[in-house]
Amino acid sequence: MVGPHPFPKMVRNFQSVMGIEAREQYLEMTGELPDHVTACVGGGSNALGLFAGFIDDDDVQLHGVEPLGKGTELGQHSATMTFGKPGMIHGFKCLLLADEEGNPAPVHSIASGLDYPGVGPEHSHLKTSGRVNYHAISDDETLDAFYKISRREGIIPALESAHAIAWAMKFGRENPGTTILANLSGRGDKDIDYVTENFGHG
Ligand SMILES: Cc1ncc(COP(=O)(O)O)c(C=O)c1O
């Protein structure tokens with residue numbers, strides 16, 4: 001999703017297969033569209049691919065979830081959409097987490113696929129236009145979702161994906177009866193050793 005034009009557009013278009021299929025499958029399974037659609041945001045292509053399927057459905061609210069990591073101070077998180085300011089990275093302009101000199105700042109997330117100080121330019125636009133809402137989820141909330149989905153559904157989610165699941169669980173608790181489609185962007189097999197060695201079995 002990152003890079004100068006036309007790379008973000010190319011990636012979004014390739015990834016949109018996921019959103020188009022998710023929309024079709026959701027309609028087939030339930031006869032209606034979800035109220036909310038959510039995915040985690042690193043560079044942004046996985047979320048944009050999903051959102052592309054629903055972007056013209058005005059009644060479907062879109063939510064990108066980014067990492068709040070260990071806290072709100074610069075260096076503790078990778079919450080570009082929440083704390084970033086317009087800046088340049090890798091040849092394109094976007095919301096950027098930068099140090100005092102404007103250089104990309106060090107970032108952190110428990111999910112290695114989300115620790116990037118920039119974000120795709122289309123996400124920056126979608127935030128500014130208000131079509132997508134962005135939320136930040138901490139490492140602890142992510143781990144909680146990781147364990148819960150593993151135990152209750154038998155699905156081990158990637159730590160990246162667990163950010164979206166954590167937000168969906170929180171939002172679902174606060175809004176009973178609402179329907180949420182959450183993107184499981186990857187399997188957690190790659191994370192299971194790291195999680196159990198560092199945080200035990202939950
Ligand atoms: C499993 C998984 N989900 C999501 C992401 C983030 O995707 P994107 O960079 O497209 O936002 C990554 C990135 O590496 C990933 O590995």
# chains A, B, ... in the order shown; residues from 1 in each chain; ligands from 1
call {"tool": "closest_atom_pairs", "arguments": {"of": "chain A", "to": "ligand 1", "cutoff": "8 Å", "atoms": "only C-alpha atoms and all ligand atoms", "output": "CSV"}}
result
residue,atom,partner,partner_atom_place_in_ligand_line,distance
A:Met1,CA,ligand 1,10 (O),6.4
A:Cys40,CA,ligand 1,4 (C),6.1
A:Val41,CA,ligand 1,11 (O),4.0
A:Gly42,CA,ligand 1,11 (O),3.3
A:Gly43,CA,ligand 1,9 (O),3.6
A:Gly44,CA,ligand 1,11 (O),3.3
A:Ser45,CA,ligand 1,10 (O),3.6
A:Asn46,CA,ligand 1,10 (O),3.9
A:Ala47,CA,ligand 1,11 (O),6.0
A:Leu48,CA,ligand 1,10 (O),7.8
A:Ser112,CA,ligand 1,14 (O),6.8
A:Gly113,CA,ligand 1,14 (O),3.4
A:Leu114,CA,ligand 1,6 (C),5.5
A:Val119,CA,ligand 1,11 (O),7.9
A:Ala158,CA,ligand 1,1 (C),5.1
A:Leu159,CA,ligand 1,1 (C),7.1
A:Glu160,CA,ligand 1,3 (N),4.7
A:Ser161,CA,ligand 1,3 (N),5.3
A:Leu184,CA,ligand 1,3 (N),7.5
A:Ser185,CA,ligand 1,3 (N),4.5
A:Gly186,CA,ligand 1,1 (C),3.7
A:Arg187,CA,ligand 1,1 (C),6.4
A:Gly188,CA,ligand 1,1 (C),7.7
call {"tool": "residues_around", "arguments": {"residues": "A:Ala39", "least_positions_apart": "5", "cutoff": "7 Å", "atoms": "only C-alpha atoms", "output": "PyMOL selection string"}}
result
chain A and resi 47+63-65+164+182-183
call {"tool": "write_last_selection", "arguments": {"atoms": "C-alpha atoms", "output": "short mmCIF file (atom, residue, chain, number, x, y, z; two decimals), in the first residue's frame"}}
result
data_model
loop_
_atom_site.label_atom_id
_atom_site.label_comp_id
_atom_site.auth_asym_id
_atom_site.auth_seq_id
_atom_site.Cartn_x
_atom_site.Cartn_y
_atom_site.Cartn_z
CA ALA A 47 -7.40 -3.11 5.16
CA HIS A 63 -12.83 0.85 10.80
CA GLY A 64 -9.06 0.61 10.56
CA VAL A 65 -7.25 -0.62 13.66
CA ALA A 164 -8.84 -5.98 14.54
CA ALA A 182 -13.46 -8.52 10.97
CA ASN A 183 -10.56 -9.45 8.75
#
call {"tool": "closest_atom_pairs", "arguments": {"of": "stretch 111-170 of chain A", "to": "stretch 73-89 of chain A", "cutoff": "9 Å", "atoms": "only C-alpha atoms", "output": "JSON lines"}}
result
{"residue": "A:Leu114", "atom": "CA", "partner": "A:Ser78", "partner_atom": "CA", "distance": 7.1}
{"residue": "A:Asp115", "atom": "CA", "partner": "A:Ser78", "partner_atom": "CA", "distance": 5.5}
{"residue": "A:Tyr116", "atom": "CA", "partner": "A:Ser78", "partner_atom": "CA", "distance": 6.2}
{"residue": "A:Pro117", "atom": "CA", "partner": "A:Ser78", "partner_atom": "CA", "distance": 6.0}
{"residue": "A:Gly118", "atom": "CA", "partner": "A:Thr80", "partner_atom": "CA", "distance": 6.2}
{"residue": "A:Val119", "atom": "CA", "partner": "A:Thr80", "partner_atom": "CA", "distance": 6.8}
{"residue": "A:His123", "atom": "CA", "partner": "A:Met81", "partner_atom": "CA", "distance": 8.2}
{"residue": "A:Ser124", "atom": "CA", "partner": "A:Met81", "partner_atom": "CA", "distance": 7.2}
{"residue": "A:Lys127", "atom": "CA", "partner": "A:Met81", "partner_atom": "CA", "distance": 7.5}
{"residue": "A:Tyr134", "atom": "CA", "partner": "A:Met81", "partner_atom": "CA", "distance": 6.7}
{"residue": "A:His135", "atom": "CA", "partner": "A:Thr82", "partner_atom": "CA", "distance": 7.3}
{"residue": "A:Ala136", "atom": "CA", "partner": "A:Ala79", "partner_atom": "CA", "distance": 6.3}
{"residue": "A:Ile137", "atom": "CA", "partner": "A:Ala79", "partner_atom": "CA", "distance": 8.8}
{"residue": "A:Ser138", "atom": "CA", "partner": "A:His77", "partner_atom": "CA", "distance": 8.3}
call {"tool": "select_by_dssp", "arguments": {"residues": "stretch 16-140 of chain A", "states": "helix (DSSP H, G or I)", "output": "MDAnalysis selection string"}}
result
chainID A and resid 16:30 45:52 80:83 112:114 121:129 139:140
call {"tool": "write_last_selection", "arguments": {"atoms": "C-alpha atoms", "output": "CSV table (one decimal), in the first residue's frame"}}
result
chain,number,residue,atom,x,y,z
A,16,SER,CA,-9.8,-5.7,-3.5
A,17,VAL,CA,-10.5,-9.3,-4.5
A,18,MET,CA,-10.7,-10.0,-0.8
A,19,GLY,CA,-13.2,-7.3,-0.1
A,20,ILE,CA,-15.4,-8.2,-3.1
A,21,GLU,CA,-15.4,-11.9,-2.1
A,22,ALA,CA,-16.0,-11.0,1.6
A,23,ARG,CA,-19.0,-8.9,0.6
A,24,GLU,CA,-20.5,-11.7,-1.6
A,25,GLN,CA,-19.9,-14.3,1.1
A,26,TYR,CA,-21.4,-12.2,3.9
A,27,LEU,CA,-24.5,-11.5,1.7
A,28,GLU,CA,-24.8,-15.2,0.9
A,29,MET,CA,-24.6,-16.2,4.5
A,30,THR,CA,-26.8,-13.6,6.2
A,45,SER,CA,-3.0,-2.9,1.9
A,46,ASN,CA,-4.9,-5.6,3.8
A,47,ALA,CA,-7.4,-3.1,5.2
A,48,LEU,CA,-7.8,-1.2,1.9
A,49,GLY,CA,-8.4,-4.5,0.0
A,50,LEU,CA,-11.2,-5.4,2.4
A,51,PHE,CA,-12.6,-1.8,2.5
A,52,ALA,CA,-12.6,-1.6,-1.3
A,80,THR,CA,0.1,6.7,12.6
A,81,MET,CA,-3.5,7.6,12.0
A,82,THR,CA,-4.1,8.7,15.6
A,83,PHE,CA,-0.9,10.6,16.3
A,112,SER,CA,6.0,-7.0,13.7
A,113,GLY,CA,3.8,-6.5,10.6
A,114,LEU,CA,2.3,-3.3,12.0
A,121,PRO,CA,-1.7,7.6,1.3
A,122,GLU,CA,-5.2,6.4,0.6
A,123,HIS,CA,-5.7,5.7,4.3
A,124,SER,CA,-4.5,9.2,5.1
A,125,HIS,CA,-7.1,10.5,2.6
A,126,LEU,CA,-9.9,8.2,4.0
A,127,LYS,CA,-9.2,9.5,7.5
A,128,THR,CA,-9.3,13.1,6.4
A,129,SER,CA,-12.5,12.5,4.4
A,139,ASP,CA,-0.4,-4.8,23.0
A,140,ASP,CA,-2.3,-6.0,26.0
call {"tool": "closest_atom_pairs", "arguments": {"of": "stretch 67-146 of chain A", "to": "stretch 193-199 of chain A", "cutoff": "10 Å", "atoms": "only C-alpha atoms", "output": "Markdown table"}}
result
| residue | atom | partner | partner_atom | distance |
| --- | --- | --- | --- | --- |
| A:Ile110 | CA | A:Val195 | CA | 9.5 |
| A:Leu143 | CA | A:Val195 | CA | 8.1 |
| A:Phe146 | CA | A:Val195 | CA | 9.2 |
call {"tool": "closest_atom_pairs", "arguments": {"of": "stretch 2-44 of chain A", "to": "stretch 168-179 of chain A", "cutoff": "7 Å", "atoms": "only C-alpha atoms", "output": "CSV"}}
result
residue,atom,partner,partner_atom,distance
A:Pro34,CA,A:Thr179,CA,5.2
A:Asp35,CA,A:Thr179,CA,5.2
A:His36,CA,A:Thr179,CA,6.3
call {"tool": "select_by_dssp", "arguments": {"residues": "chain A", "states": "strand (DSSP E)", "output": "ChimeraX atom specification"}}
result
/A:36-40,61-69,85-89,92-96,132-138,180-182
